[in-house]
>>> print(open('model.cif').read())   # mmCIF, C-alpha atoms and all ligand atoms
data_start
loop_
_atom_site.label_atom_id
_atom_site.label_comp_id
_atom_site.auth_asym_id
_atom_site.auth_seq_id
_atom_site.Cartn_x
_atom_site.Cartn_y
_atom_site.Cartn_z
CA MET D 1 -100.05 -24.98 22.74
CA LYS D 2 -98.50 -27.86 24.67
CA ALA D 3 -99.41 -30.28 21.85
CA LEU D 4 -97.83 -27.96 19.27
CA LEU D 5 -94.69 -27.64 21.34
CA ASP D 6 -94.40 -31.43 21.67
CA GLN D 7 -94.89 -31.79 17.93
CA ALA D 8 -92.24 -29.13 17.26
CA ARG D 9 -89.72 -30.92 19.47
CA LEU D 10 -90.38 -34.16 17.65
CA LEU D 11 -89.87 -32.49 14.29
CA ASP D 12 -86.61 -30.96 15.53
CA GLN D 13 -85.37 -34.40 16.60
CA GLU D 14 -86.00 -35.71 13.09
CA ASP D 15 -84.50 -32.65 11.36
CA GLU D 16 -81.40 -33.61 9.35
CA LEU D 17 -80.31 -29.93 9.23
CA ALA D 18 -80.65 -29.35 12.99
CA SER D 19 -76.90 -29.39 13.63
CA PHE D 20 -76.26 -26.50 11.20
CA SER D 21 -77.44 -23.96 13.78
CA LYS D 22 -74.22 -24.68 15.71
CA GLN D 23 -72.23 -23.18 12.85
CA PHE D 24 -73.58 -19.71 13.67
CA VAL D 25 -72.84 -17.21 16.42
CA PRO D 26 -75.95 -17.32 18.64
CA GLY D 27 -76.33 -13.52 18.97
CA ASN D 28 -78.07 -11.55 21.71
CA TYR D 29 -81.54 -12.92 21.06
CA ASP D 30 -82.80 -16.38 21.95
CA ILE D 31 -84.67 -16.65 18.65
CA TYR D 32 -83.66 -14.85 15.47
CA LEU D 33 -86.35 -14.52 12.81
CA ASP D 34 -84.77 -11.74 10.81
CA GLY D 35 -82.78 -13.91 8.43
CA ASN D 36 -84.72 -12.47 5.53
CA SER D 37 -83.16 -9.07 6.24
CA LEU D 38 -79.74 -9.99 7.61
CA GLY D 39 -78.62 -13.57 8.14
CA LYS D 40 -76.61 -14.66 11.18
CA LEU D 41 -72.84 -14.57 11.43
CA PRO D 42 -71.22 -17.94 10.70
CA LYS D 43 -68.55 -18.77 13.30
CA LYS D 44 -66.00 -19.59 10.59
CA THR D 45 -66.42 -16.12 9.08
CA ILE D 46 -64.63 -14.58 12.06
CA ASP D 47 -61.42 -16.54 11.38
CA ARG D 48 -61.72 -16.02 7.65
CA ILE D 49 -61.92 -12.24 8.05
CA LYS D 50 -59.04 -12.33 10.51
CA THR D 51 -56.89 -14.23 8.01
CA THR D 52 -57.85 -11.92 5.17
CA VAL D 53 -57.05 -8.84 7.19
CA GLU D 54 -54.02 -9.94 9.22
CA GLN D 55 -52.18 -12.40 7.00
CA GLN D 56 -53.21 -11.24 3.55
CA TRP D 57 -53.72 -7.49 3.80
CA GLY D 58 -51.47 -7.01 6.86
CA ALA D 59 -48.52 -9.24 5.96
CA GLN D 60 -48.57 -10.07 2.23
CA LEU D 61 -49.93 -6.66 1.23
CA ILE D 62 -50.29 -6.05 -2.53
CA ASN D 63 -49.03 -9.57 -3.32
CA SER D 64 -52.33 -10.88 -2.01
CA TRP D 65 -54.06 -9.83 -5.22
CA ASN D 66 -52.19 -12.48 -7.17
CA ALA D 67 -51.92 -14.98 -4.36
CA HIS D 68 -55.51 -14.89 -3.10
CA TRP D 69 -57.81 -12.12 -4.19
CA LEU D 70 -58.14 -11.98 -7.98
CA GLU D 71 -59.61 -15.48 -8.04
CA LEU D 72 -62.06 -14.87 -5.20
CA PRO D 73 -64.92 -13.27 -7.22
CA LYS D 74 -64.65 -16.12 -9.75
CA ARG D 75 -64.84 -18.76 -7.01
CA LEU D 76 -67.89 -17.05 -5.53
CA ALA D 77 -69.56 -16.92 -8.95
CA SER D 78 -68.93 -20.61 -9.40
CA ASP D 79 -70.42 -21.41 -5.95
CA MET D 80 -73.42 -19.27 -6.76
CA GLU D 81 -73.90 -21.04 -10.11
CA GLN D 82 -73.96 -24.32 -8.21
CA LEU D 83 -76.44 -23.01 -5.66
CA ILE D 84 -78.94 -21.63 -8.18
CA ARG D 85 -78.19 -24.31 -10.78
CA ALA D 86 -77.16 -21.83 -13.41
CA GLN D 87 -74.95 -22.76 -16.35
CA GLN D 88 -71.24 -22.25 -15.87
CA GLY D 89 -70.12 -18.77 -16.87
CA THR D 90 -73.45 -17.05 -16.33
CA VAL D 91 -73.01 -15.52 -12.86
CA TYR D 92 -71.06 -12.47 -11.75
CA VAL D 93 -70.64 -11.61 -8.05
CA GLY D 94 -69.99 -8.05 -6.90
CA GLU D 95 -71.53 -4.70 -6.00
CA SER D 96 -75.09 -4.26 -4.72
CA THR D 97 -78.35 -5.69 -6.02
CA SER D 98 -79.40 -2.18 -7.01
CA LEU D 99 -76.33 -1.60 -9.14
CA ASN D 100 -76.54 -5.02 -10.78
CA LEU D 101 -80.19 -4.46 -11.61
CA TYR D 102 -79.31 -1.13 -13.21
CA LYS D 103 -76.53 -2.68 -15.30
CA LEU D 104 -78.59 -5.67 -16.38
CA VAL D 105 -81.80 -3.85 -17.29
CA LEU D 106 -79.99 -1.02 -19.04
CA GLY D 107 -77.69 -3.50 -20.82
CA LEU D 108 -80.72 -5.45 -22.07
CA LEU D 109 -82.48 -2.27 -23.14
CA LEU D 110 -79.45 -0.99 -25.03
CA SER D 111 -79.08 -4.34 -26.80
CA ASN D 112 -82.20 -3.39 -28.81
CA ARG D 113 -83.54 -6.93 -28.56
CA TYR D 114 -86.74 -5.74 -26.94
CA ASP D 115 -89.41 -3.11 -27.35
CA LYS D 116 -88.79 -0.18 -25.07
CA ASN D 117 -91.32 -1.14 -22.40
CA LEU D 118 -90.03 -1.49 -18.84
CA THR D 119 -92.56 -3.18 -16.59
CA THR D 120 -92.58 -3.81 -12.88
CA ASP D 121 -95.32 -4.25 -10.26
CA LEU D 122 -96.31 -3.08 -6.82
CA LEU D 123 -95.09 -6.30 -5.16
CA ASN D 124 -91.55 -5.45 -6.21
CA PHE D 125 -89.05 -3.92 -3.82
CA PRO D 126 -89.52 -0.13 -4.07
CA SER D 127 -85.84 0.50 -4.79
CA ASP D 128 -86.06 -1.78 -7.85
CA ASN D 129 -88.95 0.29 -9.10
CA TYR D 130 -87.02 3.53 -8.56
CA ILE D 131 -84.21 2.10 -10.67
CA ILE D 132 -86.46 0.87 -13.47
CA GLU D 133 -88.35 4.16 -13.57
CA GLY D 134 -85.05 6.06 -13.65
CA ILE D 135 -83.78 4.01 -16.60
CA ALA D 136 -87.05 4.58 -18.47
CA GLN D 137 -86.77 8.34 -17.92
CA GLN D 138 -83.12 8.44 -18.98
CA GLN D 139 -83.61 6.28 -22.08
CA GLY D 140 -87.02 7.43 -23.27
CA ALA D 141 -88.57 4.02 -22.58
CA THR D 142 -92.12 3.55 -21.25
CA PHE D 143 -92.39 2.72 -17.57
CA HIS D 144 -95.28 0.48 -16.51
CA LEU D 145 -96.06 -0.08 -12.84
CA LEU D 146 -98.72 -2.77 -12.44
CA HIS D 147 -101.26 -2.56 -9.62
CA TYR D 148 -103.07 -5.71 -8.54
CA PRO D 149 -106.31 -5.97 -6.56
CA THR D 150 -104.31 -6.95 -3.43
CA PHE D 151 -100.78 -6.58 -2.08
CA LEU D 152 -100.71 -10.29 -1.27
CA GLU D 153 -100.14 -11.76 -4.68
CA ALA D 154 -99.80 -11.00 -8.35
CA ASP D 155 -102.82 -11.15 -10.62
CA LEU D 156 -101.29 -13.49 -13.17
CA GLN D 157 -103.96 -12.94 -15.79
CA LEU D 158 -103.43 -9.20 -15.61
CA LEU D 159 -99.64 -9.59 -15.68
CA LYS D 160 -99.72 -11.91 -18.68
CA ALA D 161 -102.18 -9.75 -20.59
CA HIS D 162 -99.97 -6.75 -19.93
CA ILE D 163 -96.87 -8.53 -21.23
CA ALA D 164 -98.76 -9.67 -24.33
CA SER D 165 -99.77 -6.13 -25.19
CA ASN D 166 -96.63 -4.33 -23.95
CA PRO D 167 -93.72 -6.70 -24.64
CA GLY D 168 -90.29 -5.73 -23.39
CA ILE D 169 -88.27 -6.07 -20.19
CA VAL D 170 -90.10 -7.04 -17.00
CA CYS D 171 -88.61 -6.91 -13.52
CA LEU D 172 -90.22 -8.93 -10.71
CA SER D 173 -89.17 -9.93 -7.20
CA MET D 174 -89.18 -13.72 -7.26
CA VAL D 175 -90.40 -13.69 -3.63
CA SER D 176 -92.14 -10.47 -2.63
CA PHE D 177 -90.57 -8.72 0.35
CA LYS D 178 -93.87 -8.21 2.20
CA SER D 179 -96.25 -11.09 1.56
CA ALA D 180 -93.58 -13.66 0.56
CA TYR D 181 -95.54 -14.32 -2.66
CA TYR D 182 -93.47 -16.71 -4.79
CA TYR D 183 -94.21 -16.21 -8.49
CA PRO D 184 -94.73 -19.21 -10.79
CA VAL D 185 -91.32 -18.55 -12.32
CA LYS D 186 -91.21 -21.07 -15.17
CA GLU D 187 -94.76 -20.36 -16.30
CA LEU D 188 -94.01 -16.63 -16.52
CA ASN D 189 -90.65 -17.11 -18.20
CA ASP D 190 -92.33 -19.25 -20.87
CA TRP D 191 -95.01 -16.63 -21.34
CA ALA D 192 -92.43 -13.85 -21.61
CA LYS D 193 -90.45 -15.82 -24.19
CA ASP D 194 -93.57 -16.44 -26.27
CA HIS D 195 -94.30 -12.71 -26.21
CA GLN D 196 -90.87 -11.32 -27.16
CA SER D 197 -90.11 -10.34 -23.56
CA ILE D 198 -87.62 -11.19 -20.83
CA ILE D 199 -88.11 -11.25 -17.07
CA VAL D 200 -85.27 -10.03 -14.87
CA TRP D 201 -85.86 -11.75 -11.54
CA ASP D 202 -84.79 -10.15 -8.27
CA MET D 203 -83.95 -13.26 -6.26
CA SER D 204 -83.00 -11.45 -3.04
CA HIS D 205 -85.75 -13.06 -0.94
CA ALA D 206 -85.54 -16.42 -2.71
CA VAL D 207 -81.85 -17.24 -2.98
CA GLY D 208 -80.64 -19.67 -0.32
CA ILE D 209 -84.16 -20.58 0.83
CA CYS D 210 -86.17 -21.55 -2.28
CA ASP D 211 -85.17 -24.42 -4.50
CA VAL D 212 -84.36 -22.28 -7.53
CA ASP D 213 -83.07 -24.10 -10.59
CA CYS D 214 -82.21 -21.49 -13.22
CA GLN D 215 -81.91 -24.07 -15.98
CA LYS D 216 -85.16 -25.94 -15.28
CA MET D 217 -87.06 -22.72 -14.62
CA GLU D 218 -85.69 -21.13 -17.81
CA ILE D 219 -84.40 -18.12 -15.88
CA LYS D 220 -82.57 -15.90 -18.35
CA ALA D 221 -81.66 -12.90 -16.22
CA ALA D 222 -81.55 -12.35 -12.46
CA VAL D 223 -79.98 -10.36 -9.64
CA GLY D 224 -80.00 -10.88 -5.89
CA CYS D 225 -78.39 -10.12 -2.59
CA THR D 226 -76.42 -12.42 -0.32
CA TYR D 227 -76.78 -10.86 3.11
CA LYS D 228 -80.13 -12.49 3.83
CA TYR D 229 -80.42 -16.29 3.70
CA LEU D 230 -76.84 -16.70 2.48
CA ASN D 231 -75.38 -15.13 5.60
CA GLY D 232 -72.80 -13.08 3.71
CA GLY D 233 -72.86 -10.18 6.19
CA PRO D 234 -74.01 -6.55 6.04
CA GLY D 235 -73.53 -5.12 2.56
CA ALA D 236 -72.26 -8.46 1.21
CA PRO D 237 -71.65 -8.46 -2.55
CA ALA D 238 -74.69 -9.17 -4.68
CA PHE D 239 -74.90 -11.23 -7.86
CA LEU D 240 -76.07 -10.95 -11.44
CA MET D 241 -77.00 -13.85 -13.72
CA LEU D 242 -77.36 -13.67 -17.50
CA ASP D 243 -77.94 -16.77 -19.58
CA SER D 244 -75.24 -17.45 -22.18
CA GLU D 245 -77.77 -17.16 -25.02
CA PHE D 246 -78.11 -13.45 -24.12
CA GLN D 247 -74.50 -12.59 -23.51
CA ASP D 248 -73.82 -11.69 -27.12
CA GLY D 249 -74.83 -8.08 -27.53
CA VAL D 250 -75.68 -7.34 -23.91
CA GLY D 251 -72.87 -5.23 -22.52
CA ASN D 252 -72.15 -3.54 -19.23
CA PRO D 253 -73.35 0.05 -19.51
CA ILE D 254 -70.82 1.07 -16.84
CA GLN D 255 -67.50 0.48 -18.56
CA GLY D 256 -64.94 0.12 -15.80
CA TRP D 257 -61.47 -1.37 -15.87
CA PHE D 258 -62.48 -4.63 -14.18
CA GLY D 259 -64.90 -5.28 -17.07
CA HIS D 260 -62.04 -4.80 -19.54
CA GLN D 261 -60.54 -7.82 -21.30
CA LYS D 262 -57.09 -6.99 -19.91
CA PRO D 263 -57.52 -4.64 -16.95
CA PHE D 264 -53.87 -4.66 -15.94
CA GLU D 265 -52.56 -3.58 -19.33
CA PHE D 266 -54.16 -0.16 -18.81
CA ASP D 267 -55.08 0.21 -22.50
CA LEU D 268 -56.39 3.56 -23.66
CA GLU D 269 -59.26 1.83 -25.42
CA TYR D 270 -62.05 -0.05 -23.66
CA VAL D 271 -62.31 -3.66 -24.87
CA GLU D 272 -65.09 -5.46 -23.10
CA ASP D 273 -64.34 -8.85 -21.57
CA SER D 274 -66.07 -11.62 -23.48
CA SER D 275 -67.12 -13.51 -20.35
CA ILE D 276 -69.75 -12.65 -17.74
CA ASP D 277 -66.95 -10.80 -15.90
CA ARG D 278 -67.65 -7.89 -18.23
CA PHE D 279 -70.26 -6.89 -15.64
CA ALA D 280 -67.50 -6.01 -13.17
CA ASN D 281 -66.73 -2.34 -12.70
CA GLY D 282 -64.05 -1.53 -10.17
CA THR D 283 -61.95 -3.21 -7.48
CA PRO D 284 -63.87 -6.04 -5.77
CA SER D 285 -64.65 -5.69 -2.05
CA ILE D 286 -62.38 -8.47 -0.87
CA ILE D 287 -63.15 -8.49 2.86
CA SER D 288 -66.89 -8.80 2.21
CA MET D 289 -66.23 -11.45 -0.42
CA ALA D 290 -64.16 -13.48 2.00
CA ALA D 291 -67.10 -13.43 4.42
CA LEU D 292 -69.55 -14.40 1.69
CA GLU D 293 -67.51 -17.44 0.70
CA ILE D 294 -68.12 -18.96 4.13
CA GLY D 295 -71.87 -18.28 4.00
CA LEU D 296 -72.16 -19.79 0.54
CA LYS D 297 -70.21 -22.90 1.51
CA ILE D 298 -72.53 -23.57 4.45
CA SER D 299 -75.59 -23.43 2.19
CA LEU D 300 -73.90 -25.67 -0.38
CA GLU D 301 -72.94 -28.14 2.32
CA ALA D 302 -76.52 -28.29 3.63
CA GLY D 303 -77.88 -28.54 0.07
CA ILE D 304 -80.47 -26.16 -1.28
CA SER D 305 -83.10 -28.87 -1.75
CA SER D 306 -82.85 -29.89 1.91
CA ILE D 307 -83.00 -26.26 3.06
CA ALA D 308 -86.00 -25.50 0.83
CA ASN D 309 -87.83 -28.69 1.89
CA LYS D 310 -87.36 -27.90 5.55
CA ASN D 311 -88.46 -24.32 4.92
CA LYS D 312 -91.70 -25.41 3.26
CA ARG D 313 -92.51 -27.71 6.18
CA GLN D 314 -91.68 -25.00 8.71
CA ILE D 315 -93.78 -22.39 6.92
CA GLN D 316 -96.74 -24.76 6.85
CA PHE D 317 -96.27 -25.58 10.54
CA LEU D 318 -96.02 -21.89 11.43
CA ILE D 319 -99.09 -20.92 9.41
CA GLU D 320 -101.15 -23.66 11.04
CA ALA D 321 -100.04 -22.48 14.49
CA VAL D 322 -100.86 -18.86 13.63
CA LYS D 323 -104.31 -19.87 12.36
CA LYS D 324 -105.02 -21.91 15.47
CA GLU D 325 -103.69 -19.53 18.11
CA LEU D 326 -103.52 -15.98 16.79
CA LEU D 327 -106.27 -15.18 14.32
CA ALA D 328 -108.89 -14.90 17.08
CA ILE D 329 -106.91 -12.13 18.80
CA ASP D 330 -106.64 -9.62 15.95
CA TYR D 331 -103.58 -10.98 14.19
CA GLU D 332 -103.97 -11.48 10.47
CA LEU D 333 -102.00 -13.64 8.09
CA VAL D 334 -100.59 -11.48 5.30
CA CYS D 335 -99.58 -14.19 2.88
CA PRO D 336 -100.88 -16.00 -0.18
CA ASN D 337 -103.43 -18.78 0.39
CA SER D 338 -101.55 -21.47 -1.43
CA MET D 339 -98.44 -22.99 0.21
CA GLU D 340 -97.01 -23.41 -3.29
CA ARG D 341 -96.87 -19.65 -3.61
CA ILE D 342 -95.10 -18.79 -0.31
CA GLY D 343 -91.32 -18.51 -0.09
CA GLY D 344 -89.10 -18.08 2.94
CA HIS D 345 -91.02 -15.98 5.39
CA VAL D 346 -94.47 -15.49 6.88
CA SER D 347 -95.90 -12.02 7.44
CA ILE D 348 -98.59 -11.33 9.99
CA SER D 349 -100.16 -8.04 10.95
CA HIS D 350 -101.66 -6.59 14.10
CA PRO D 351 -102.87 -3.07 14.92
CA HIS D 352 -100.20 -2.94 17.69
CA ALA D 353 -97.45 -4.62 15.67
CA LYS D 354 -94.77 -2.06 16.45
CA ALA D 355 -95.16 -2.32 20.23
CA ILE D 356 -95.56 -6.10 20.01
CA VAL D 357 -92.19 -6.36 18.28
CA GLU D 358 -90.57 -4.31 21.04
CA VAL D 359 -91.93 -6.75 23.66
CA LEU D 360 -90.81 -9.73 21.59
CA LYS D 361 -87.28 -8.32 21.48
CA SER D 362 -87.12 -7.82 25.24
CA GLY D 363 -88.32 -11.30 26.16
CA ALA D 364 -90.32 -11.83 29.36
CA ASN D 365 -90.74 -14.28 32.20
CA ASN D 366 -90.93 -17.74 30.64
CA HIS D 367 -90.62 -16.32 27.15
CA PRO D 368 -87.41 -16.19 25.10
CA SER D 369 -86.43 -12.94 23.40
CA VAL D 370 -87.37 -12.96 19.71
CA LEU D 371 -86.06 -10.68 16.97
CA PRO D 372 -88.35 -10.56 13.93
CA ASP D 373 -88.64 -7.84 11.32
CA PHE D 374 -91.08 -4.95 11.58
CA ARG D 375 -92.32 -3.30 8.41
CA PRO D 376 -94.52 -0.19 8.72
CA PRO D 377 -97.33 0.30 9.30
CA ASN D 378 -98.29 -2.94 11.06
CA LEU D 379 -96.42 -5.88 9.59
CA ILE D 380 -94.38 -8.44 11.51
CA ARG D 381 -92.21 -10.53 9.19
CA LEU D 382 -91.15 -13.89 10.55
CA GLY D 383 -88.15 -14.92 8.48
CA VAL D 384 -87.68 -18.66 8.64
CA ALA D 385 -83.98 -19.12 7.91
CA SER D 386 -84.10 -22.88 8.05
CA LEU D 387 -80.35 -23.32 8.51
CA TYR D 388 -80.68 -22.15 12.09
CA VAL D 389 -84.37 -21.68 12.94
CA SER D 390 -85.96 -24.68 14.68
CA TYR D 391 -89.58 -25.79 14.81
CA GLU D 392 -89.51 -25.09 18.54
CA ASP D 393 -88.38 -21.49 17.84
CA LEU D 394 -91.53 -21.02 15.78
CA ILE D 395 -93.88 -22.34 18.44
CA GLN D 396 -92.15 -20.36 21.19
CA THR D 397 -92.67 -17.25 19.06
CA VAL D 398 -96.35 -17.96 18.45
CA THR D 399 -96.82 -18.59 22.18
CA PHE D 400 -95.17 -15.29 23.02
CA LEU D 401 -97.16 -13.40 20.36
CA LYS D 402 -100.32 -14.77 21.94
CA THR D 403 -99.32 -13.86 25.51
CA ILE D 404 -98.39 -10.31 24.51
CA VAL D 405 -101.87 -9.65 23.15
CA VAL D 406 -103.89 -11.66 25.67
CA THR D 407 -102.18 -9.94 28.63
CA LYS D 408 -101.91 -6.60 26.77
CA MET D 409 -98.17 -6.43 27.46
CA TYR D 410 -97.75 -4.19 24.42
CA LYS D 411 -99.46 -1.38 26.35
CA ASN D 412 -96.39 -0.94 28.58
CA VAL D 413 -94.13 -0.23 25.66
CA LYS D 414 -93.18 3.07 24.19
CA ALA D 415 -92.60 2.20 20.54
CA GLN D 416 -89.08 3.10 19.40
CA ASN D 417 -88.37 4.99 16.23
CA HIS D 418 -85.39 3.25 14.70
CA ILE D 419 -84.03 4.38 11.35
CA VAL D 420 -83.81 0.74 10.22
CA PRO D 421 -87.33 -0.41 11.22
C1 LIG N 1 -85.90 -7.69 -2.87
C2 LIG N 1 -84.82 -6.68 -2.71
N1 LIG N 1 -84.29 -6.11 -3.80
C3 LIG N 1 -83.31 -5.19 -3.72
C4 LIG N 1 -82.81 -4.80 -2.50
C5 LIG N 1 -81.73 -3.75 -2.46
O1 LIG N 1 -80.52 -4.40 -2.35
P1 LIG N 1 -79.13 -3.57 -2.27
O2 LIG N 1 -79.23 -2.73 -1.07
O3 LIG N 1 -78.09 -4.66 -2.18
O4 LIG N 1 -78.99 -2.78 -3.49
C6 LIG N 1 -83.32 -5.38 -1.33
C7 LIG N 1 -82.80 -4.98 -0.01
O5 LIG N 1 -83.21 -5.42 1.03
C8 LIG N 1 -84.35 -6.33 -1.44
O6 LIG N 1 -84.89 -6.91 -0.37
#
>>> encode(input="model.cif", output="structure tokens")
Amino acid sequence: MKALLDQARLLDQEDELASFSKQFVPGNYDIYLDGNSLGKLPKKTIDRIKTTVEQQWGAQLINSWNAHWLELPKRLASDMEQLIRAQQGTVYVGESTSLNLYKLVLGLLLSNRYDKNLTTDLLNFPSDNYIIEGIAQQQGATFHLLHYPTFLEADLQLLKAHIASNPGIVCLSMVSFKSAYYYPVKELNDWAKDHQSIIVWDMSHAVGICDVDCQKMEIKAAVGCTYKYLNGGPGAPAFLMLDSEFQDGVGNPIQGWFGHQKPFEFDLEYVEDSSIDRFANGTPSIISMAALEIGLKISLEAGISSIANKNKRQIQFLIEAVKKELLAIDYELVCPNSMERIGGHVSISHPHAKAIVEVLKSGANNHPSVLPDFRPPNLIRLGVASLYVSYEDLIQTVTFLKTIVVTKMYKNVKAQNHIVP
């Protein structure tokens, strides 16, 4: 372990992104590996919220809509377009991922461009599958839920064969929330196009950590959240992306006044906005948007290629350390074999995972406190948010994980039943 720790410290010294961790509030834990569920609070966000609340809401009141707020969703959309390299005018920011997925999939279905097959798979986030199944039931479309031989990765042959024989709208999580499986996005988009289908990508676990280039990867439709690697804060507004080639004929199935061409003329008739802003519904959540702008700017400043490169190196380093130190003591790696196919986080399992996580959180003599993610029944997700996670953090965590099992520290813990696991 000493050699790994020395190596980690060396890598941290050479890390061009190392100083970014200072931009975040440290929090109550020495090491935070939960960035793939909720990113850290940027220090600048505190002042930004204060200004939004005190000076804008408090002092300027309703005038703030014209002076500051109406432009905010558009600025966020433009930042997001830059981050995911989407064409200008293809991103909308607002609401939750769930709602955006509903609007996008239903909008595509109602456009009648595709056969009425809605496909998803078991690697997808369960809530996405609830939504897709619900749309299928409401619209009389056929719902297909693909099962693969393992939960670790997609069976691409099976997926492609399914699309070829059941063309339509497919929804996939770009990076799977459990195993971190990162789909070959371009390859599948090309396949979908050749088979009269479209893939709606849920980028929640990829955005801000994987080097996604919507144009190069031929991504035509996507949604995603911003409270994970983009550090937008709890319940931060999500985003929706629809390529301009599809905007004709794909409307917002929830016709609200903010999707109207002229919302403040209060027309009796609904006239849909011609831009991507048609996917808006009601009043934007300004305080959350103000927070998100700070998170987005930090990622843009660091540069997504640098973040993604560091993340790949860290994931490799972590996996090697896990293989060397933990596999002999009943931990298992729950991730794809190929580094190419892993995005953002590393999942490991252990029969005593729940109690192990409780010990990690408490810290111990000579061990820093570590906050990872626990997913039932026995999964420990180590989210490597490379903007503020160091190589040393990873080795300290592996060292602690080893000590907990070797010394059976987990036996002293009464596992807690939290509502959020
Ligand atoms: C991959 C993925 N999709 C969708 C969601 C749901 O997002 P929201 O709660 O913003 O609707 C989550 C939430 O964690 C997620 O991880």
>>> residues_near_ligand(input="model.cif", ligand="ligand LIG 1 (chain N)", cutoff="6 Å", atoms="all atoms listed in the file", output="PDB file with C-alpha atoms, in the frame of the given file")
ATOM      1  CA  SER D  96     -75.090  -4.260  -4.720  1.00  0.00           C
ATOM      2  CA  THR D  97     -78.350  -5.690  -6.020  1.00  0.00           C
ATOM      3  CA  SER D  98     -79.400  -2.180  -7.010  1.00  0.00           C
ATOM      4  CA  PHE D 125     -89.050  -3.920  -3.820  1.00  0.00           C
ATOM      5  CA  SER D 173     -89.170  -9.930  -7.200  1.00  0.00           C
ATOM      6  CA  PHE D 177     -90.570  -8.720   0.350  1.00  0.00           C
ATOM      7  CA  SER D 204     -83.000 -11.450  -3.040  1.00  0.00           C
ATOM      8  CA  HIS D 205     -85.750 -13.060  -0.940  1.00  0.00           C
ATOM      9  CA  CYS D 225     -78.390 -10.120  -2.590  1.00  0.00           C
TER      10      CYS D 225
END
>>> closest_residue(input="model.cif", among="D:Ala77, D:Ala136, D:Ala308, D:Met174", to="D:Asn124", atoms="only C-alpha atoms")
D:Met174
>>> atom_distance(input="model.cif", atom1="atom CA of D:Gln60", atom2="atom CA of D:Thr283")
17.9 Å
>>> closest_residue(input="model.cif", among="D:Asp213, D:Glu272, D:Asp34, D:Glu301", to="D:Phe258", atoms="only C-alpha atoms")
D:Glu272
>>> closest_residue(input="model.cif", among="D:Val212, D:Ile294, D:Val200, D:Ile254", to="D:Gly282", atoms="all atoms listed in the file")
D:Ile254
